[in-house]
$ cat protein_33.cif   # mmCIF, C-alpha atoms
data_work
#
loop_
_atom_site.label_atom_id
_atom_site.label_comp_id
_atom_site.auth_asym_id
_atom_site.auth_seq_id
_atom_site.Cartn_x
_atom_site.Cartn_y
_atom_site.Cartn_z
CA MET F 139 54.16 75.14 45.78
CA GLY F 140 57.33 76.63 44.36
CA SER F 141 56.29 80.09 45.53
CA SER F 142 55.70 78.90 49.10
CA LEU F 143 59.13 77.21 49.19
CA VAL F 144 60.77 80.42 48.04
CA THR F 145 58.85 82.42 50.65
CA HIS F 146 59.84 79.93 53.36
CA ALA F 147 63.50 80.13 52.33
CA LEU F 148 63.42 83.92 52.40
CA LEU F 149 61.83 83.94 55.84
CA LEU F 150 64.39 81.45 57.11
CA SER F 151 67.26 83.53 55.74
CA PHE F 152 65.77 86.65 57.31
CA SER F 153 65.41 84.85 60.64
CA LEU F 154 69.01 83.62 60.58
CA LEU F 155 70.24 87.07 59.63
CA PHE F 156 68.63 88.75 62.61
CA THR F 157 68.96 85.99 65.21
CA PRO F 158 71.30 87.35 67.92
CA ILE F 159 74.55 85.41 68.17
CA THR F 160 75.45 84.50 71.72
CA PRO F 161 79.17 85.15 72.16
CA SER F 162 81.30 82.29 73.39
CA PRO F 163 82.26 82.60 77.06
CA SER F 164 85.61 84.32 77.43
CA PRO F 165 88.11 84.10 80.30
CA TYR F 166 88.94 87.78 79.86
CA LEU F 167 87.52 90.76 81.70
CA SER F 168 87.77 92.96 78.62
CA PRO F 169 86.05 91.97 75.35
CA ILE F 170 88.96 93.60 73.50
CA PHE F 171 91.70 92.00 75.57
CA LEU F 172 93.61 90.62 72.57
CA LYS F 173 93.43 93.97 70.76
CA ASN F 174 94.78 95.76 73.83
CA TYR F 175 97.41 93.07 74.35
CA ASN F 176 98.66 93.43 70.77
CA SER F 177 98.84 97.19 71.20
CA MET F 178 100.87 96.69 74.37
CA SER F 179 103.23 94.24 72.65
CA ALA F 180 103.98 96.74 69.90
CA ASN F 181 104.25 99.91 71.96
CA LEU F 182 105.14 99.37 75.64
CA ARG F 183 108.48 100.89 76.63
CA ILE F 184 110.04 100.62 80.10
CA PHE F 185 113.12 102.43 81.35
CA THR F 186 115.15 100.75 84.09
CA TYR F 187 117.21 102.80 86.53
CA ILE F 188 120.71 101.29 86.91
CA PRO F 189 119.90 97.56 86.53
CA PHE F 190 121.78 95.18 88.79
CA ASN F 191 123.19 91.94 87.39
CA SER F 192 122.70 89.80 90.48
CA PHE F 193 119.85 89.75 92.97
CA SER F 194 118.85 86.99 95.32
CA PHE F 195 115.09 86.86 94.98
CA SER F 196 112.84 85.01 97.38
CA SER F 197 110.77 83.40 94.63
CA GLN F 198 111.42 81.97 91.19
CA ALA F 199 108.63 84.11 89.75
CA GLU F 200 110.41 87.31 90.80
CA SER F 201 113.68 86.11 89.34
CA LEU F 202 112.03 85.18 86.03
CA PHE F 203 110.20 88.50 85.88
CA TYR F 204 113.38 90.50 86.51
CA GLU F 205 115.49 88.61 83.96
CA SER F 206 112.71 88.67 81.37
CA LEU F 207 112.14 92.39 81.78
CA LEU F 208 115.79 93.37 81.34
CA ASN F 209 116.02 91.30 78.15
CA SER F 210 112.60 92.11 76.73
CA PRO F 211 111.77 94.30 73.72
CA TYR F 212 109.86 96.54 76.16
CA SER F 213 113.14 97.76 77.63
CA THR F 214 114.39 101.14 76.39
CA HIS F 215 117.51 103.16 77.09
CA ASP F 216 115.67 106.42 76.34
CA PRO F 217 113.66 107.57 79.36
CA ASP F 218 111.84 110.15 77.25
CA GLN F 219 110.26 107.30 75.28
CA ALA F 220 109.23 105.32 78.36
CA HIS F 221 105.65 104.74 79.51
CA LEU F 222 106.88 103.31 82.81
CA PHE F 223 110.01 103.35 84.95
CA PHE F 224 111.39 100.35 86.82
CA VAL F 225 113.19 101.02 90.11
CA PRO F 226 115.31 97.94 90.96
CA PHE F 227 116.66 97.46 94.45
CA SER F 228 117.82 94.54 96.55
CA PRO F 229 115.18 92.67 98.59
CA ASP F 230 117.45 93.21 101.59
CA ILE F 231 117.74 96.99 101.21
CA SER F 232 117.47 98.96 104.46
CA ALA F 233 114.83 101.65 104.96
CA ARG F 234 117.52 104.32 105.04
CA SER F 235 119.09 103.15 101.77
CA LEU F 236 115.68 102.92 100.11
CA SER F 237 114.86 106.47 101.21
CA ARG F 238 118.18 107.68 99.83
CA LEU F 239 117.51 105.95 96.51
CA ILE F 240 114.11 107.59 96.04
CA ARG F 241 115.45 110.96 97.14
CA THR F 242 118.14 110.69 94.46
CA LEU F 243 115.50 109.99 91.81
CA ARG F 244 113.50 112.99 92.97
CA THR F 245 116.40 115.45 93.13
CA ASP F 246 118.65 114.36 90.26
CA LEU F 247 116.14 113.34 87.57
CA PRO F 248 112.84 114.82 86.36
CA TYR F 249 110.79 111.65 85.89
CA TRP F 250 109.72 110.83 89.45
CA ASN F 251 108.41 114.33 90.14
CA ARG F 252 106.15 114.38 87.08
CA THR F 253 103.81 111.82 88.68
CA LEU F 254 105.18 111.62 92.23
CA GLY F 255 106.17 108.07 91.29
CA ALA F 256 102.83 106.86 89.90
CA ASP F 257 104.38 105.71 86.59
CA HIS F 258 107.19 103.88 88.41
CA PHE F 259 107.17 100.28 89.63
CA PHE F 260 109.35 98.12 91.83
CA LEU F 261 109.73 94.44 92.70
CA SER F 262 109.24 93.41 96.33
CA SER F 263 108.11 90.07 97.70
CA SER F 264 107.55 91.22 101.26
CA GLY F 265 106.10 94.62 100.34
CA ILE F 266 106.92 98.02 101.76
CA GLY F 267 106.08 98.60 105.41
CA TYR F 268 104.78 101.82 106.92
CA ILE F 269 107.91 103.87 107.45
CA PRO F 270 107.60 107.55 108.49
CA ASP F 271 109.79 108.82 105.68
CA ARG F 272 108.47 111.01 102.87
CA ASN F 273 110.45 109.18 100.16
CA VAL F 274 109.39 105.69 101.23
CA VAL F 275 105.78 106.82 101.72
CA GLU F 276 105.65 108.12 98.15
CA LEU F 277 107.07 104.84 96.89
CA LYS F 278 104.52 102.78 98.82
CA LYS F 279 101.46 104.94 98.10
CA ASN F 280 102.11 105.90 94.49
CA ALA F 281 104.47 103.46 92.73
CA ILE F 282 103.27 100.09 91.45
CA GLN F 283 104.42 97.20 93.62
CA VAL F 284 105.02 93.86 91.84
CA SER F 285 105.05 90.93 94.29
CA SER F 286 104.85 87.17 94.41
CA PHE F 287 101.44 85.68 95.13
CA PRO F 288 100.24 85.54 97.84
CA VAL F 289 101.31 88.92 99.18
CA PRO F 290 101.70 89.33 102.97
CA PRO F 291 98.60 90.84 104.63
CA GLY F 292 98.48 94.62 104.55
CA LYS F 293 101.23 94.90 101.93
CA PHE F 294 99.05 95.09 98.79
CA ILE F 295 97.07 98.06 97.43
CA PRO F 296 94.55 96.56 94.94
CA HIS F 297 93.97 99.55 92.65
CA LYS F 298 97.65 99.80 91.70
CA ASP F 299 99.70 96.77 92.80
CA ILE F 300 100.28 93.55 90.84
CA SER F 301 100.95 89.97 91.96
CA LEU F 302 102.98 87.49 89.91
CA PRO F 303 101.55 84.10 88.90
CA PRO F 304 103.34 81.43 90.95
CA VAL F 305 105.79 79.05 89.28
CA SER F 306 104.73 75.42 89.48
CA ALA F 307 107.00 72.38 89.39
CA LEU F 308 104.72 70.93 86.72
CA VAL F 309 105.51 73.43 83.99
CA SER F 310 106.75 70.68 81.66
CA ALA F 311 103.90 68.22 82.24
CA GLN F 312 101.84 67.19 79.22
CA VAL F 313 98.12 66.42 79.39
CA SER F 314 97.21 65.61 75.81
CA THR F 315 97.41 61.82 76.34
CA LEU F 316 95.53 61.64 79.64
CA THR F 317 92.34 59.62 79.83
CA VAL F 318 89.78 60.23 82.53
CA SER F 319 87.96 57.12 83.71
CA GLU F 320 87.00 57.84 87.31
CA ARG F 321 86.42 61.30 88.75
CA MET F 322 86.95 62.51 92.28
CA LEU F 323 85.34 65.49 93.92
CA GLY F 324 88.55 67.12 95.11
CA PHE F 325 92.33 66.88 95.03
CA VAL F 326 94.98 68.32 97.36
CA GLY F 327 98.45 68.07 95.86
CA TYR F 328 101.76 67.30 97.52
CA GLY F 329 103.22 70.49 98.92
CA TRP F 330 99.82 72.17 99.18
CA VAL F 331 99.13 70.23 102.38
CA LYS F 332 101.61 72.19 104.49
CA GLY F 333 99.71 74.64 106.64
CA LEU F 334 96.32 73.33 105.55
CA SER F 335 93.99 73.53 108.55
CA LEU F 336 91.54 71.00 107.08
CA VAL F 337 94.09 68.20 106.77
CA LYS F 338 92.49 65.80 109.27
CA GLU F 339 89.02 66.19 107.80
CA LEU F 340 90.33 65.70 104.28
CA ILE F 341 92.25 62.55 105.19
CA GLU F 342 89.07 60.98 106.51
CA ASP F 343 86.91 62.02 103.54
CA PRO F 344 86.82 59.47 100.68
CA GLU F 345 85.71 62.09 98.17
CA PHE F 346 89.04 63.91 98.40
CA LEU F 347 92.47 62.66 97.43
CA MET F 348 95.44 64.04 99.37
CA GLU F 349 98.88 63.61 97.82
CA SER F 350 101.16 63.55 100.84
CA GLU F 351 104.19 62.19 98.95
CA PRO F 352 105.88 63.52 95.80
CA PRO F 353 104.39 61.91 92.68
CA PRO F 354 106.71 59.57 90.71
CA THR F 355 106.20 61.56 87.50
CA THR F 356 104.67 64.89 86.56
CA SER F 357 102.22 63.14 84.25
CA CYS F 358 101.00 61.02 87.18
CA TYR F 359 100.46 64.20 89.18
CA GLY F 360 98.61 65.79 86.28
CA ASP F 361 96.50 62.67 85.83
CA LYS F 362 95.19 62.99 89.37
CA MET F 363 94.38 66.63 88.85
CA ALA F 364 92.61 65.90 85.57
CA LYS F 365 90.48 63.21 87.25
CA SER F 366 89.29 65.65 89.92
CA ASP F 367 86.60 68.25 89.52
CA PHE F 368 88.12 70.59 92.11
CA CYS F 369 91.61 71.31 93.46
CA LEU F 370 91.74 72.77 96.96
CA PHE F 371 94.05 75.59 98.01
CA GLU F 372 94.09 77.37 101.34
CA TYR F 373 94.93 81.03 100.92
CA GLY F 374 97.25 82.53 103.48
CA SER F 375 98.64 79.44 105.19
CA GLY F 376 98.77 76.78 102.48
CA ASP F 377 100.75 76.49 99.24
CA VAL F 378 99.01 78.02 96.21
CA SER F 379 101.79 77.46 93.67
CA GLY F 380 99.75 74.88 91.74
CA ILE F 381 96.78 77.10 91.00
CA GLY F 382 97.80 77.79 87.40
CA GLU F 383 98.43 74.11 86.75
CA ALA F 384 95.02 73.24 88.18
CA LEU F 385 93.46 75.50 85.56
CA ARG F 386 95.47 73.86 82.79
CA PHE F 387 94.52 70.34 83.83
CA GLY F 388 90.81 71.18 84.05
CA CYS F 389 90.68 71.03 87.85
CA VAL F 390 88.67 74.01 89.10
CA PRO F 391 90.61 75.81 91.87
CA VAL F 392 88.77 76.06 95.19
CA VAL F 393 90.38 78.84 97.21
CA ILE F 394 89.61 78.57 100.91
CA SER F 395 89.96 81.79 102.85
CA ASP F 396 88.31 83.52 105.79
CA ARG F 397 89.16 86.98 104.45
CA SER F 398 88.74 88.76 101.16
CA ILE F 399 91.40 88.08 98.54
CA GLN F 400 92.60 91.19 96.76
CA ASP F 401 95.92 90.06 95.32
CA LEU F 402 94.95 87.34 92.83
CA PRO F 403 97.41 87.04 89.93
CA LEU F 404 96.31 88.65 86.66
CA MET F 405 93.16 90.00 88.29
CA ASP F 406 93.01 92.83 85.72
CA ALA F 407 93.01 90.37 82.84
CA VAL F 408 91.03 87.20 83.67
CA ARG F 409 87.60 86.53 85.18
CA TRP F 410 88.52 84.68 88.34
CA GLN F 411 84.91 84.39 89.52
CA GLU F 412 84.13 82.38 86.37
CA MET F 413 87.09 80.01 86.73
CA ALA F 414 87.42 79.34 90.45
CA VAL F 415 85.34 78.84 93.59
CA PHE F 416 85.98 80.98 96.66
CA VAL F 417 84.75 79.68 99.99
CA GLY F 418 85.28 80.39 103.67
CA GLY F 419 86.86 77.73 105.83
CA GLY F 420 84.78 78.31 108.93
CA GLY F 421 82.35 75.51 108.09
CA GLY F 422 85.06 72.89 107.79
CA ILE F 423 85.20 70.44 104.93
CA GLU F 424 81.43 69.87 105.08
CA GLY F 425 80.94 73.59 104.48
CA VAL F 426 83.31 73.42 101.51
CA LYS F 427 81.47 70.40 100.11
CA LYS F 428 78.12 72.15 100.49
CA VAL F 429 79.35 74.99 98.29
CA LEU F 430 80.84 72.61 95.72
CA ARG F 431 77.60 70.61 95.52
CA CYS F 432 75.88 73.78 94.32
CA VAL F 433 78.09 73.90 91.24
CA ASP F 434 75.97 72.13 88.64
CA GLY F 435 77.38 70.22 85.68
CA GLU F 436 76.87 73.04 83.18
CA ARG F 437 78.65 75.60 85.33
CA LEU F 438 81.43 73.14 86.18
CA GLY F 439 82.07 72.45 82.49
CA ARG F 440 82.11 76.17 81.69
CA MET F 441 84.58 76.87 84.52
CA LYS F 442 86.87 74.12 83.30
CA ARG F 443 86.83 75.45 79.73
CA LEU F 444 87.50 79.03 80.79
CA GLY F 445 90.27 77.92 83.14
CA ALA F 446 91.94 75.92 80.38
CA ALA F 447 91.71 78.92 78.04
CA ALA F 448 93.34 81.19 80.65
CA ALA F 449 96.02 78.70 81.73
CA GLN F 450 98.58 79.88 79.16
CA HIS F 451 98.81 83.20 81.02
CA PHE F 452 100.10 81.42 84.15
CA VAL F 453 103.04 79.71 82.45
CA TRP F 454 106.54 81.18 82.83
CA ASN F 455 108.87 80.66 79.88
CA SER F 456 112.53 81.48 79.35
CA PRO F 457 112.68 83.27 77.01
CA PRO F 458 109.12 84.62 77.32
CA GLN F 459 106.47 83.60 74.79
CA PRO F 460 103.40 85.55 73.61
CA LEU F 461 100.54 85.59 76.13
CA ASP F 462 102.56 83.83 78.85
CA ALA F 463 102.91 84.93 82.47
CA PHE F 464 105.58 87.57 81.89
CA ASN F 465 103.77 89.19 78.98
CA THR F 466 100.42 89.17 80.78
CA VAL F 467 102.03 90.88 83.78
CA ALA F 468 103.46 93.40 81.30
CA TYR F 469 99.89 93.88 80.03
CA GLN F 470 98.79 94.75 83.57
CA LEU F 471 101.59 97.30 83.77
CA TRP F 472 100.45 98.70 80.43
CA LEU F 473 96.98 99.27 81.89
CA ARG F 474 98.57 101.44 84.60
CA ARG F 475 100.55 103.71 82.29
CA HIS F 476 97.99 106.58 82.28
CA ALA F 477 99.37 108.48 85.24
CA VAL F 478 98.86 112.26 85.38
CA ARG F 479 102.19 113.92 84.60
CA TYR F 480 103.02 117.33 85.99
CA ALA F 481 105.64 119.81 84.91
CA ASP F 482 109.01 119.31 86.55
CA ARG F 483 108.69 121.03 89.93
CA ARG F 484 112.01 120.83 91.71
CA GLU F 485 110.56 122.46 94.80
CA TRP F 486 108.93 119.09 95.53
CA ALA F 487 112.36 117.57 95.60
CA GLN F 488 113.46 119.50 98.66
CA ASN F 489 113.60 117.19 101.65
#

$ encode --input "protein_33.cif" --output "structure tokens"
Amino acid sequence: MGSSLVTHALLLSFSLLFTPITPSPSPYLSPIFLKNYNSMSANLRIFTYIPFNSFSFSSQAESLFYESLLNSPYSTHDPDQAHLFFVPFSPDISARSLSRLIRTLRTDLPYWNRTLGADHFFLSSSGIGYIPDRNVVELKKNAIQVSSFPVPPGKFIPHKDISLPPVSALVSAQVSTLTVSERMLGFVGYGWVKGLSLVKELIEDPEFLMESEPPPTTSCYGDKMAKSDFCLFEYGSGDVSGIGEALRFGCVPVVISDRSIQDLPLMDAVRWQEMAVFVGGGGGIEGVKKVLRCVDGERLGRMKRLGAAAAQHFVWNSPPQPLDAFNTVAYQLWLRRHAVRYADRREWAQN
């Protein structure tokens, strides 16, 4: 009897030892995201060409990014120690002035020519248009463009450009005390309605709540999001500023678009397909509901958990905090630091 118990215990221990452990679902694309992030935090260095003290940016996210970058530990005054180079210029700069700026970098300094601008980045909400000028073409094709989300059509190159997480008015809302008693299928927040082509259908559908007036408090707004399974956003024409807050409140973002979306914020860091639903708007609200009905309870719960885990990366802080929006954008820049560097060839600088 005693021998059989010992044998059973040994077999059980052996079974537990070799039973594969299923990893917990992660919101990150890379299994070593945190290791890479910590390496970035300790090592990233960015040199800024002639920073300007006052810019009038078109979005709060751009302003926060610019101010945070200039005051961050990533900033260096030694260009020889820099992984990346920031080229600041006014959003209102003319094509001629922009061309002159890039030509100056090419002719007076060695850093642009080493990569033809591939280890440089710039901040532009509207993007760079197609201008038949060698300097501007190099900037557009090679340098990293950092823009507010969503980026105008045709102004974003997915393999190199970066979009900033939008700033929501609910950044100070707290959700720890919310109780969920009655759930709704979908929620469309105040401000998101503008430009939404499905407004009439949504108004008439009892399964969706549309907030057409500003909420009395941010907690009330968050309560409605937390009581909804899905939050609807229309890409391109509607307001998508609340997408990060939807993740934080456990409301799965439903992004409605009739074209592919290539400029999602933090798309090099988080698994958007596991946290949000993407659906075309051609089928109207019934088409949207058909897609949402296919999301079973297990998948819905997993999407909510992953979204909540990723939500910290969409929050802008002043000053920045670890793993927040600014630092996760810096992580995306860090991933783009491996540009091929050539010897200084001044013959390229002849215009």

$ resolve_selection --input "protein_33.cif" --expression "the PyMOL selection byres ((chain F and resi 219) around 10)" --output "number ranges by chain"
F: 182-185, 214-218, 220-222

$ closest_atom_pairs --input "protein_33.cif" --of "region 220-263 of chain F" --to "region 457-471 of chain F" --cutoff "12 Å" --atoms "only C-alpha atoms" --output "tab-separated table"
residue	atom	partner	partner_atom	distance
F:His221	CA	F:Leu471	CA	9.5
F:Leu222	CA	F:Leu471	CA	8.1
F:Phe223	CA	F:Leu471	CA	10.4
F:Phe224	CA	F:Leu471	CA	10.7
F:Ala256	CA	F:Leu471	CA	11.4
F:Asp257	CA	F:Leu471	CA	9.3
F:His258	CA	F:Leu471	CA	9.8
F:Phe259	CA	F:Leu471	CA	8.6
F:Phe260	CA	F:Leu471	CA	11.2

$ closest_residue --input "protein_33.cif" --among "F:Gly382, F:Asp246, F:Tyr359, F:Tyr268" --to "Val453 (chain F)" --atoms "only C-alpha atoms"
F:Gly382

$ closest_residue --input "protein_33.cif" --among "F:Leu277, F:Ile266, F:Leu208, F:Met413" --to "Arg440 (chain F)" --atoms "only C-alpha atoms"
F:Met413

$ residues_near_point --input "protein_33.cif" --point "(99.0, 94.2, 97.3)" --cutoff "8 Å" --atoms "only C-alpha atoms" --output "compact mmCIF listing (two decimals) with C-alpha atoms, keeping the file's coordinate frame"
# COMPACT_ATOMS: atom_id res chain seq x y z
CA GLY F 265 106.10 94.62 100.34
CA GLN F 283 104.42 97.20 93.62
CA SER F 285 105.05 90.93 94.29
CA VAL F 289 101.31 88.92 99.18
CA PRO F 290 101.70 89.33 102.97
CA GLY F 292 98.48 94.62 104.55
CA LYS F 293 101.23 94.90 101.93
CA PHE F 294 99.05 95.09 98.79
CA ILE F 295 97.07 98.06 97.43
CA PRO F 296 94.55 96.56 94.94
CA ASP F 299 99.70 96.77 92.80
CA ILE F 300 100.28 93.55 90.84
CA SER F 301 100.95 89.97 91.96
CA GLN F 400 92.60 91.19 96.76
CA ASP F 401 95.92 90.06 95.32

$ residues_near_point --input "protein_33.cif" --point "(109.5, 91.2, 99.3)" --cutoff "8 Å" --atoms "all atoms listed in the file" --output "PyMOL selection string"
chain F and resi 196+229+261-266+285-286
